[in-house]
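Colleague: This is entry.txt (compact mmCIF, C-alpha atoms and all ligand atoms).
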# COMPACT_ATOMS: atom_id res chain seq x y z
CA MET A 1 0.00 0.00 0.00
CA ASP A 2 1.23 3.45 -0.75
CA GLU A 3 -1.88 5.47 -0.23
CA THR A 4 -3.24 7.50 2.65
CA CYS A 5 -4.20 5.38 5.63
CA GLN A 6 -7.84 4.32 5.71
CA HIS A 7 -7.97 5.27 9.39
CA LEU A 8 -6.89 8.85 8.78
CA THR A 9 -9.34 11.72 8.92
CA TYR A 10 -8.81 15.46 9.28
CA ARG A 11 -10.80 16.98 12.11
CA GLU A 12 -11.09 20.22 13.97
CA GLU A 13 -12.34 18.56 17.13
CA GLY A 14 -11.78 15.32 18.99
CA ASP A 15 -9.97 13.76 21.90
CA GLY A 16 -10.99 16.71 24.08
CA LYS A 17 -9.18 19.22 21.85
CA SER A 18 -10.17 21.63 19.11
CA PHE A 19 -8.26 23.43 16.37
CA GLU A 20 -9.00 26.15 13.85
CA THR A 21 -7.39 24.22 11.02
CA ALA A 22 -8.31 20.56 10.62
CA ARG A 23 -5.55 18.23 11.80
CA ALA A 24 -4.69 14.59 11.27
CA PHE A 25 -6.84 12.33 13.45
CA CYS A 26 -6.43 8.58 13.76
CA ALA A 27 -9.61 6.51 14.05
CA VAL A 28 -7.66 3.60 15.57
CA THR A 29 -6.11 5.47 18.47
CA GLU A 30 -8.98 7.99 18.50
CA SER A 31 -6.55 10.82 18.93
CA PHE A 32 -4.85 13.56 16.96
CA VAL A 33 -1.66 12.42 15.33
CA GLN A 34 1.77 13.93 15.98
CA PRO A 35 2.85 16.01 12.97
CA MET A 36 5.84 13.79 12.21
CA ARG A 37 3.73 10.64 12.34
CA ALA A 38 1.30 12.26 9.89
CA ASP A 39 3.94 11.54 7.22
CA VAL A 40 3.17 7.85 7.75
CA CYS A 41 -0.60 8.39 7.80
CA ASN A 42 -0.34 10.26 4.49
CA ALA A 43 2.06 7.72 2.96
CA ARG A 44 4.49 10.53 2.18
CA TYR A 45 8.09 9.84 1.18
CA ASP A 46 7.30 6.19 0.33
CA LEU A 47 6.11 5.46 3.85
CA ASP A 48 3.38 2.83 4.08
CA PRO A 49 0.81 2.95 6.88
CA ALA A 50 0.36 -0.83 6.77
CA THR A 51 4.01 -1.54 7.47
CA ASP A 52 5.34 1.64 9.04
CA CYS A 53 2.63 2.34 11.62
CA GLU A 54 2.37 0.21 14.72
CA PHE A 55 -1.31 1.15 15.20
CA TYR A 56 -2.47 0.20 11.75
CA PHE A 57 -4.90 -2.67 11.35
CA ASP A 58 -6.58 -3.99 8.26
CA PRO A 59 -10.26 -4.61 8.96
CA ASP A 60 -10.57 -6.75 5.84
CA ALA A 61 -7.71 -9.05 6.74
CA GLU A 62 -8.56 -12.67 7.37
CA THR A 63 -6.60 -15.18 9.40
CA THR A 64 -5.30 -18.33 7.70
CA ASP A 65 -8.13 -20.43 9.12
CA GLY A 66 -10.67 -18.07 7.57
CA THR A 67 -11.87 -16.37 10.78
CA ASP A 68 -11.82 -12.60 11.14
CA ALA A 69 -8.50 -11.26 12.30
CA ASP A 70 -10.15 -9.24 15.02
CA GLY A 71 -12.55 -11.98 16.16
CA ASP A 72 -12.50 -13.54 19.62
CA ARG A 73 -9.46 -15.67 20.30
CA MET B 1 35.95 23.27 25.83
CA THR B 2 36.80 22.11 29.30
CA TYR B 3 36.18 22.63 32.99
CA ASP B 4 38.89 25.31 32.73
CA ASP B 5 36.63 27.19 30.33
CA TYR B 6 33.99 27.11 33.03
CA LEU B 7 36.47 28.41 35.59
CA ASP B 8 37.50 31.15 33.17
CA GLY B 9 33.90 32.31 32.84
CA LYS B 10 33.60 31.62 29.13
CA PRO B 11 30.29 32.94 27.73
CA ALA B 12 27.58 30.30 27.33
CA VAL B 13 25.56 30.16 24.13
CA ILE B 14 21.87 29.47 24.69
CA THR B 15 19.98 28.01 21.75
CA ALA B 16 16.19 28.03 21.81
CA ALA B 17 14.52 25.14 19.99
CA LEU B 18 11.11 26.67 19.61
CA THR B 19 8.91 24.18 17.84
CA GLY B 20 10.64 21.10 16.41
CA GLY B 21 9.15 18.74 13.91
CA VAL B 22 7.83 15.88 15.99
CA HIS B 23 4.99 17.09 18.15
CA GLY B 24 2.63 20.03 17.83
CA LYS B 25 -0.37 21.65 19.38
CA GLU B 26 -1.93 18.23 19.99
CA ALA B 27 0.79 17.80 22.64
CA HIS B 28 1.14 21.39 23.87
CA PRO B 29 -1.59 23.91 23.04
CA ASP B 30 0.83 26.83 22.86
CA LEU B 31 3.59 25.20 20.86
CA PRO B 32 4.34 27.69 18.06
CA GLU B 33 3.61 26.40 14.56
CA THR B 34 2.77 29.30 12.25
CA PRO B 35 5.47 31.75 11.12
CA GLU B 36 3.83 34.43 13.28
CA GLU B 37 3.74 32.21 16.37
CA ILE B 38 7.34 31.11 15.85
CA ALA B 39 8.44 34.73 15.39
CA ALA B 40 6.72 35.82 18.60
CA ALA B 41 8.37 32.98 20.53
CA ALA B 42 11.72 33.84 18.93
CA ALA B 43 11.50 37.46 20.04
CA ALA B 44 10.61 36.47 23.60
CA CYS B 45 13.48 33.97 23.71
CA GLU B 46 16.01 36.49 22.37
CA GLU B 47 14.89 38.89 25.06
CA ALA B 48 15.31 36.14 27.68
CA GLY B 49 18.90 35.35 26.61
CA ALA B 50 18.85 33.02 23.59
CA SER B 51 21.40 34.02 20.95
CA VAL B 52 20.63 31.12 18.58
CA LEU B 53 17.13 30.24 17.35
CA HIS B 54 16.70 26.69 16.07
CA LEU B 55 13.91 26.73 13.49
CA HIS B 56 11.59 24.21 11.87
CA ALA B 57 8.78 24.98 9.47
CA ARG B 58 5.23 23.64 9.54
CA ARG B 59 2.31 23.50 7.16
CA ASP B 60 -0.91 25.29 8.14
CA ASN B 61 -2.21 22.09 9.74
CA GLY B 62 0.90 21.74 11.91
CA GLU B 63 2.58 19.03 9.83
CA ARG B 64 6.21 19.33 8.88
CA ALA B 65 7.41 21.38 5.97
CA PHE B 66 10.89 21.25 4.45
CA SER B 67 10.31 23.58 1.52
CA THR B 68 12.55 26.59 1.03
CA GLU B 69 9.38 28.62 0.59
CA ARG B 70 7.99 27.76 4.00
CA PHE B 71 11.37 28.16 5.71
CA GLN B 72 11.66 31.55 4.02
CA GLU B 73 8.34 32.62 5.55
CA VAL B 74 9.46 31.49 9.00
CA ALA B 75 12.92 33.06 8.67
CA ASP B 76 11.52 36.36 7.37
CA ALA B 77 9.06 36.56 10.25
CA VAL B 78 11.75 35.71 12.80
CA ARG B 79 14.25 38.23 11.37
CA GLU B 80 11.58 40.89 11.48
CA ALA B 81 10.69 40.12 15.10
CA THR B 82 14.23 39.79 16.48
CA ASP B 83 17.19 42.17 16.76
CA ASP B 84 20.33 40.20 16.19
CA ALA B 85 19.85 36.53 17.08
CA VAL B 86 21.46 33.81 14.95
CA LEU B 87 19.06 31.74 12.84
CA GLN B 88 19.72 28.00 12.70
CA HIS B 89 17.61 25.94 10.29
CA SER B 90 16.89 22.27 10.91
CA THR B 91 17.76 19.85 8.11
CA GLY B 92 16.72 16.83 10.17
CA GLY B 93 13.85 14.69 8.96
CA THR B 94 12.48 11.21 9.26
CA ALA B 95 11.98 9.70 5.84
CA ALA B 96 12.01 12.85 3.76
CA PRO B 97 13.99 12.39 0.54
CA ASP B 98 17.50 13.82 0.27
CA ALA B 99 16.51 16.62 -2.09
CA LEU B 100 13.96 17.96 0.38
CA ARG B 101 16.49 17.86 3.20
CA HIS B 102 18.56 20.46 1.33
CA GLU B 103 15.71 22.92 0.96
CA PRO B 104 15.97 24.60 4.39
CA LEU B 105 19.51 25.71 3.41
CA ARG B 106 18.29 27.68 0.40
CA THR B 107 16.58 30.67 1.97
CA ASP B 108 17.71 34.19 1.09
CA PRO B 109 19.80 35.07 2.97
CA ALA B 110 21.05 31.64 4.00
CA PRO B 111 20.78 30.87 7.70
CA GLU B 112 24.01 31.40 9.65
CA MET B 113 23.77 27.87 11.05
CA ALA B 114 22.03 24.59 10.24
CA SER B 115 21.74 21.24 11.96
CA LEU B 116 23.44 18.19 10.46
CA ASP B 117 22.29 14.79 11.76
CA MET B 118 25.36 12.53 11.92
CA GLY B 119 23.72 9.15 11.36
CA PRO B 120 20.69 6.93 11.70
CA LEU B 121 18.21 7.10 14.53
CA ASN B 122 14.97 5.29 15.24
CA ARG B 123 11.61 6.99 15.47
CA TYR B 124 8.45 5.39 16.80
CA GLU B 125 8.36 1.58 16.44
CA ARG B 126 9.20 1.08 12.79
CA LEU B 127 10.79 4.20 11.40
CA THR B 128 14.43 5.02 10.96
CA SER B 129 15.83 8.34 9.91
CA GLU B 130 18.70 7.05 7.78
CA ASN B 131 21.06 9.99 7.43
CA THR B 132 23.53 8.14 5.26
CA ARG B 133 27.11 9.34 4.97
CA GLY B 134 26.31 10.41 1.44
CA LEU B 135 23.52 12.67 2.62
CA VAL B 136 25.61 14.07 5.49
CA ALA B 137 28.42 14.90 3.04
CA SER B 138 26.13 16.54 0.51
CA LEU B 139 24.37 18.65 3.15
CA HIS B 140 27.72 19.67 4.57
CA ALA B 141 29.03 20.59 1.13
CA GLU B 142 26.06 22.86 0.49
CA MET B 143 26.42 24.44 3.93
CA ARG B 144 30.06 25.26 3.23
CA GLU B 145 29.20 26.68 -0.17
CA ARG B 146 26.59 28.98 1.36
CA GLY B 147 28.62 30.02 4.44
CA ILE B 148 26.39 28.09 6.85
CA LYS B 149 27.95 26.73 10.05
CA PRO B 150 26.95 23.09 10.63
CA GLU B 151 25.93 21.99 14.09
CA LEU B 152 26.76 18.28 14.13
CA GLU B 153 23.93 16.39 15.82
CA VAL B 154 25.50 13.60 17.87
CA PHE B 155 22.60 11.43 18.98
CA ASN B 156 24.84 8.61 20.21
CA ASP B 157 28.43 7.40 20.41
CA GLY B 158 28.38 6.09 16.85
CA HIS B 159 27.62 9.59 15.70
CA LEU B 160 30.58 10.82 17.75
CA ASN B 161 32.79 8.45 15.74
CA GLU B 162 31.35 9.85 12.55
CA SER B 163 31.91 13.42 13.74
CA LEU B 164 35.50 12.85 14.81
CA ALA B 165 36.19 11.25 11.42
CA ILE B 166 35.27 14.47 9.58
CA LEU B 167 36.79 16.99 12.01
CA ASP B 168 39.46 17.93 9.49
CA ASP B 169 36.78 18.82 6.96
CA LEU B 170 35.05 21.25 9.30
CA ASP B 171 35.75 24.95 9.54
CA ASP B 172 37.00 26.07 12.95
CA PRO B 173 35.79 25.65 15.51
CA PRO B 174 33.94 22.35 14.97
CA TYR B 175 30.60 22.56 16.77
CA LEU B 176 29.10 19.33 18.10
CA ASN B 177 25.70 18.97 19.73
CA PHE B 178 25.30 16.06 22.18
CA LEU B 179 21.78 14.72 22.62
CA PHE B 180 20.66 12.71 25.63
CA GLY B 181 17.38 10.89 26.00
CA GLY B 182 15.71 7.60 25.12
CA GLY B 183 15.72 5.31 22.07
CA THR B 184 18.79 5.71 19.89
CA THR B 185 19.97 8.83 21.68
CA SER B 186 22.64 8.49 24.37
CA PRO B 187 21.51 7.35 27.82
CA PRO B 188 21.05 10.53 29.82
CA HIS B 189 23.56 10.35 32.62
CA PRO B 190 26.22 12.82 33.78
CA ARG B 191 29.01 10.24 33.35
CA ASN B 192 28.13 9.88 29.67
CA LEU B 193 28.53 13.59 29.07
CA ILE B 194 31.88 13.59 30.89
CA ASN B 195 33.08 10.72 28.68
CA ARG B 196 32.02 12.64 25.59
CA VAL B 197 33.79 15.80 26.63
CA GLU B 198 36.97 13.87 27.43
CA ALA B 199 36.90 12.36 23.94
CA LEU B 200 36.94 15.76 22.26
CA PRO B 201 40.12 17.13 20.75
CA GLU B 202 41.27 20.61 21.70
CA GLY B 203 39.34 23.41 20.07
CA VAL B 204 35.98 21.69 19.62
CA GLU B 205 32.95 23.55 20.95
CA PHE B 206 30.00 21.52 22.22
CA ASN B 207 26.37 22.05 23.03
CA VAL B 208 24.04 19.80 25.05
CA ILE B 209 20.41 18.78 24.65
CA GLY B 210 18.54 16.70 27.22
CA PHE B 211 15.10 15.47 26.25
CA GLY B 212 12.16 15.85 28.62
CA THR B 213 13.03 15.66 32.27
CA HIS B 214 16.73 15.42 31.37
CA GLN B 215 16.84 18.91 29.87
CA LEU B 216 17.59 20.70 33.11
CA PRO B 217 20.28 18.43 34.61
CA MET B 218 22.14 17.69 31.39
CA THR B 219 22.26 21.30 30.21
CA THR B 220 23.31 22.48 33.67
CA GLN B 221 26.16 19.99 33.64
CA SER B 222 27.20 21.29 30.23
CA LEU B 223 27.62 24.74 31.73
CA LEU B 224 30.01 23.34 34.33
CA LEU B 225 32.08 21.62 31.67
CA GLY B 226 32.49 24.69 29.51
CA GLY B 227 29.75 23.72 27.05
CA HIS B 228 26.71 25.47 25.64
CA VAL B 229 23.04 24.62 26.06
CA ARG B 230 19.88 24.17 24.04
CA VAL B 231 16.46 24.40 25.67
CA GLY B 232 12.92 24.84 24.39
CA LEU B 233 9.63 23.13 23.70
CA GLU B 234 11.05 21.02 20.88
CA ASP B 235 12.99 19.03 23.45
CA ASN B 236 10.94 19.45 26.61
CA ARG B 237 7.34 20.48 27.13
CA TYR B 238 7.41 20.92 30.90
CA TYR B 239 8.84 23.50 33.23
CA GLU B 240 8.51 21.04 36.06
CA ARG B 241 6.53 17.87 36.56
CA GLY B 242 2.92 18.46 35.48
CA GLU B 243 3.44 22.13 34.58
CA LEU B 244 3.65 23.00 30.89
CA ALA B 245 6.41 25.44 30.01
CA THR B 246 6.82 28.27 27.54
CA ASN B 247 9.92 28.59 25.39
CA GLU B 248 10.73 31.86 27.07
CA GLN B 249 10.55 30.35 30.58
CA LEU B 250 12.97 27.60 29.63
CA VAL B 251 15.45 30.09 28.14
CA ALA B 252 15.14 32.43 31.14
CA ARG B 253 15.90 29.55 33.52
CA ALA B 254 18.94 28.49 31.49
CA ALA B 255 20.18 32.10 31.51
CA ARG B 256 19.72 32.38 35.28
CA ILE B 257 21.60 29.16 35.92
CA ALA B 258 24.42 30.14 33.57
CA GLU B 259 24.89 33.45 35.31
CA GLU B 260 24.65 31.85 38.76
CA VAL B 261 27.39 29.34 38.01
CA GLY B 262 29.66 31.99 36.56
CA ARG B 263 29.06 31.61 32.84
CA PRO B 264 27.86 34.90 31.37
CA VAL B 265 25.19 34.46 28.72
CA ALA B 266 26.68 35.00 25.25
CA THR B 267 25.25 37.82 23.19
CA PRO B 268 24.63 37.13 19.49
CA GLU B 269 27.83 39.03 18.73
CA GLU B 270 29.84 36.92 21.19
CA THR B 271 28.22 33.80 19.76
CA ARG B 272 29.35 34.75 16.25
CA GLU B 273 32.87 35.28 17.49
CA LEU B 274 32.96 32.03 19.49
CA LEU B 275 31.56 29.87 16.70
CA GLY B 276 33.03 31.66 13.70
CA LEU B 277 29.73 32.62 12.11
CA ARG B 278 29.23 34.57 8.91
CA GLY B 279 26.95 37.26 10.35
CA ARG B 280 23.29 38.01 9.85
S1 LIG C 1 -1.59 6.58 13.23
FE1 LIG C 1 -1.37 4.72 11.97
S2 LIG C 1 -3.40 3.75 11.96
FE2 LIG C 1 -3.66 5.88 12.66
S3 LIG C 1 -4.14 7.05 10.81
FE3 LIG C 1 -1.92 7.17 11.08
S4 LIG C 1 -1.10 5.44 9.87
FE4 LIG C 1 -3.28 5.07 10.16
Could you spell out this file's structure in structure tokens?
Ligand code: SF4
Modeller:
Amino acid sequence: MDETCQHLTYREEGDGKSFETARAFCAVTESFVQPMRADVCNARYDLDPATDCEFYFDPDAETTDGTDADGDR
Amino acid sequence: MTYDDYLDGKPAVITAALTGGVHGKEAHPDLPETPEEIAAAAAACEEAGASVLHLHARRDNGERAFSTERFQEVADAVREATDDAVLQHSTGGTAAPDALRHEPLRTDPAPEMASLDMGPLNRYERLTSENTRGLVASLHAEMRERGIKPELEVFNDGHLNESLAILDDLDDPPYLNFLFGGGTTSPPHPRNLINRVEALPEGVEFNVIGFGTHQLPMTTQSLLLGGHVRVGLEDNRYYERGELATNEQLVARAARIAEEVGRPVATPEETRELLGLRGR
């Protein structure tokens, strides 16, 4: 993947904070993203959210036995 | 730079790192990000005793910017707001391509100083800022061409090796910046700074950064060893535990401590003389 992270949104409010200009917000951590990390979220400079971000998860991923990756285990 | 320099009352250069490139207003509501905010912080820090202003540029949404254009906006605003302080542009940057890393050097006029990361360092869990020798050499070459003094960023002992290996290529006096903190920076302990200082050849000037809670003790120790100090919200958000700081407060405290221990705070003019700078 070398496209913007599917969990990235730009918001003016969230996580108890508000900003005049919309800032990077991560739906996984439910918090605003540090500016340097936003390079990963935006897949800038060949960064890849799926491999370069420790918070990333792929909701469509399936485990090898066919069950959902985020199902009960 | 030695304990004798301390005893001789050598002026101490205070650098203010106003904003940085890692965190932003999501971490500290008053961290300056726009050119206007950075300029206001710069003026307050110059007034409080900083003679060098370490600058990063941000986009409108707080994210990092490396472009000459954005650095020009920041530098113009800071020059306008300050009297005589030295501008130092950051060239550090996670995964930004080499060409972009050169852009902060290309403002008009060029900054008097710029940072030069001396090797790789880890960021977060899976990122490394590579800083290959090739990139270090090409940034240094452009700095020399434009009359910009490099501040060699020594995040760990490996970077000290790399710095000592190029000492002969540096204009006098070589200026090394020792960083102490977590991850791939040096473990923050007074004995590690003493070891560093003892490893330096005659004539090398050094500066010290301590991240977070280590800012105060490590920079204070630097003053006793004849070194210089960098403080500011880039490196440390708190004045004391649980109390957010301002850039100006951190500079004012460093200036007070320097004076108290017998190191007069260097004016911009004295800084230029000490470090061999081109002039603003
Ligand atoms: S922090 Fe990670 S998971 Fe969240 S938006 Fe950025 S890349 Fe995606």
Colleague: What residues of the protein or nucleic acid chains come within 7 Å of ligand LIG 1 (chain C) when you use all atoms listed in the file? Reply as an NGL selection string.
Modeller: :A and (5-8 or 25-29 or 33 or 37-38 or 40-41 or 49 or 53-57)
Colleague: Given all atoms listed in the file as the basis, pick out the residue of A:Tyr10, A:Tyr45, A:Ala50, A:Ser31 nearest to B:Leu100.
Modeller: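 Using all atoms listed in the file, B:Leu100 sits closest to A:Tyr45.
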Colleague: Determine, for each residue of chain A having at least one atom at most 6 Å from an atom of chain B, the closest pair of atoms and their separation in Å to one decimal, counting all atoms listed in the file; order by chain and ascending number, as CSV.
Modeller:
residue,atom,partner,partner_atom,distance
A:Thr21,CA,B:Asn61,CA,5.7
A:Arg23,CA,B:Asn61,CA,5.5
A:Gln34,CA,B:His23,CA,5.0
A:Pro35,CA,B:Glu63,CA,4.4
A:Met36,CA,B:Val22,CA,4.8
A:Tyr45,CA,B:Ala96,CA,5.6
A:Asp52,CA,B:Arg126,CA,5.4
Colleague: Set the distance at 8 Å and use only C-alpha atoms: which residues neighbour B:Ala81 once local chain neighbours fewer than 2 positions away are removed? I'd like the list as a PyMOL selection string.
Modeller: chain B and resi 39-40+42-43+77-79+83
Colleague: Write the residues of the preceding selection, restricted to C-alpha atoms, as an mmCIF file, in the frame of the given file.
Modeller:
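Written file, result_10.cif:
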data_model
loop_
_atom_site.group_PDB
_atom_site.id
_atom_site.type_symbol
_atom_site.label_atom_id
_atom_site.label_comp_id
_atom_site.auth_asym_id
_atom_site.auth_seq_id
_atom_site.Cartn_x
_atom_site.Cartn_y
_atom_site.Cartn_z
ATOM 1 C CA ALA B 39 8.440 34.730 15.390
ATOM 2 C CA ALA B 40 6.720 35.820 18.600
ATOM 3 C CA ALA B 42 11.720 33.840 18.930
ATOM 4 C CA ALA B 43 11.500 37.460 20.040
ATOM 5 C CA ALA B 77 9.060 36.560 10.250
ATOM 6 C CA VAL B 78 11.750 35.710 12.800
ATOM 7 C CA ARG B 79 14.250 38.230 11.370
ATOM 8 C CA ASP B 83 17.190 42.170 16.760
#
Colleague: Write out as a ChimeraX atom specification each polymer residue whose atoms come within 12 Å of B:Asp169, counting only C-alpha atoms; drop sequence neighbours fewer than 3 positions from it.
Modeller: /B:137,140-141,144,150,162-166,172-174
Colleague: What is the atom CA of B:Met113 to atom CA of B:Arg191 distance in Å?
Modeller: 28.9 Å
Colleague: One decimal, in Å: what's the spacing between atom CA of B:Gly119 and atom CA of B:Thr132?
Modeller: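 It comes out at 6.2 Å.
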Colleague: At what distance in Å, to one decimal, does atom CA of B:Thr219 lie from atom CA of B:Leu139?
Modeller: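 Computed distance, atom CA of B:Leu139 to atom CA of B:Thr219, equals 27.3 Å.
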Colleague: Residues near stretch 274-277 of chain B, anyone? I mean within 8 Å using all atoms listed in the file, not counting same-chain ones fewer than 2 positions away, as a tab-separated table (two decimals) with C-alpha atoms, in the coordinates of the input.
Modeller:
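After the write, selection_16.tsv holds the following:
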chain	number	residue	atom	x	y	z
B	112	GLU	CA	24.01	31.40	9.65
B	113	MET	CA	23.77	27.87	11.05
B	148	ILE	CA	26.39	28.09	6.85
B	149	LYS	CA	27.95	26.73	10.05
B	172	ASP	CA	37.00	26.07	12.95
B	173	PRO	CA	35.79	25.65	15.51
B	175	TYR	CA	30.60	22.56	16.77
B	205	GLU	CA	32.95	23.55	20.95
B	270	GLU	CA	29.84	36.92	21.19
B	271	THR	CA	28.22	33.80	19.76
B	272	ARG	CA	29.35	34.75	16.25
B	279	GLY	CA	26.95	37.26	10.35
Colleague: Given only C-alpha atoms as the basis, pick out the residue of A:Asp48, A:Ala61, A:Glu30, A:Thr4 nearest to A:Lys17.
Modeller: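 When distances to A:Lys17 are compared using only C-alpha atoms, the smallest one comes from A:Glu30.
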Colleague: Can you list, as number ranges by chain, every protein, DNA or RNA residue that comes within 7 Å of stretch 207-209 of chain B when you count only C-alpha atoms, leaving out same-chain residues fewer than 2 positions away?
Modeller: B: 176-180, 211, 215, 218-219, 222, 227-231
Colleague: Complete stretch 21-29 of chain A with all heavy atoms (output as a tab-separated table (two decimals), keeping the file's coordinate frame).
Modeller:
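Result saved to rebuild-v6.tsv:
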chain	number	residue	atom	x	y	z
A	21	THR	N	-7.66	24.91	12.28
A	21	THR	CA	-7.39	24.22	11.02
A	21	THR	C	-7.45	22.72	11.28
A	21	THR	O	-6.89	22.25	12.27
A	21	THR	CB	-5.97	24.57	10.51
A	21	THR	OG1	-5.86	25.99	10.45
A	21	THR	CG2	-5.70	23.97	9.14
A	22	ALA	N	-8.16	22.01	10.42
A	22	ALA	CA	-8.31	20.56	10.62
A	22	ALA	C	-6.95	19.87	10.67
A	22	ALA	O	-6.04	20.20	9.90
A	22	ALA	CB	-9.15	19.97	9.50
A	23	ARG	N	-6.83	18.93	11.61
A	23	ARG	CA	-5.55	18.23	11.80
A	23	ARG	C	-5.75	16.72	11.67
A	23	ARG	O	-6.87	16.22	11.82
A	23	ARG	CB	-4.99	18.54	13.21
A	23	ARG	CG	-4.68	20.00	13.40
A	23	ARG	CD	-4.28	20.28	14.82
A	23	ARG	NE	-2.92	19.85	15.11
A	23	ARG	CZ	-1.87	20.67	15.13
A	23	ARG	NH1	-2.03	21.95	14.86
A	23	ARG	NH2	-0.68	20.22	15.42
A	24	ALA	N	-4.63	16.04	11.45
A	24	ALA	CA	-4.69	14.59	11.27
A	24	ALA	C	-5.22	13.92	12.53
A	24	ALA	O	-4.75	14.18	13.64
A	24	ALA	CB	-3.29	14.07	10.94
A	25	PHE	N	-6.22	13.04	12.33
A	25	PHE	CA	-6.84	12.33	13.45
A	25	PHE	C	-6.89	10.85	13.08
A	25	PHE	O	-7.28	10.48	11.98
A	25	PHE	CB	-8.25	12.87	13.69
A	25	PHE	CG	-8.90	12.33	14.92
A	25	PHE	CD1	-8.77	12.99	16.15
A	25	PHE	CD2	-9.66	11.16	14.88
A	25	PHE	CE1	-9.37	12.50	17.31
A	25	PHE	CE2	-10.25	10.65	16.03
A	25	PHE	CZ	-10.11	11.32	17.24
A	26	CYS	N	-6.49	10.02	14.01
A	26	CYS	CA	-6.43	8.58	13.76
A	26	CYS	C	-7.64	7.90	14.39
A	26	CYS	O	-7.86	8.00	15.60
A	26	CYS	CB	-5.14	8.01	14.35
A	26	CYS	SG	-5.11	6.21	14.37
A	27	ALA	N	-8.41	7.18	13.55
A	27	ALA	CA	-9.61	6.51	14.05
A	27	ALA	C	-9.26	5.27	14.87
A	27	ALA	O	-10.10	4.77	15.63
A	27	ALA	CB	-10.50	6.12	12.88
A	28	VAL	N	-8.06	4.77	14.78
A	28	VAL	CA	-7.66	3.60	15.57
A	28	VAL	C	-7.33	4.02	17.00
A	28	VAL	O	-7.82	3.45	17.97
A	28	VAL	CB	-6.43	2.89	14.94
A	28	VAL	CG1	-5.97	1.74	15.83
A	28	VAL	CG2	-6.78	2.39	13.56
A	29	THR	N	-6.50	5.03	17.12
A	29	THR	CA	-6.11	5.47	18.47
A	29	THR	C	-7.10	6.50	19.02
A	29	THR	O	-7.04	6.86	20.19
A	29	THR	CB	-4.71	6.12	18.45
A	29	THR	OG1	-4.74	7.27	17.60
A	29	THR	CG2	-3.66	5.15	17.93
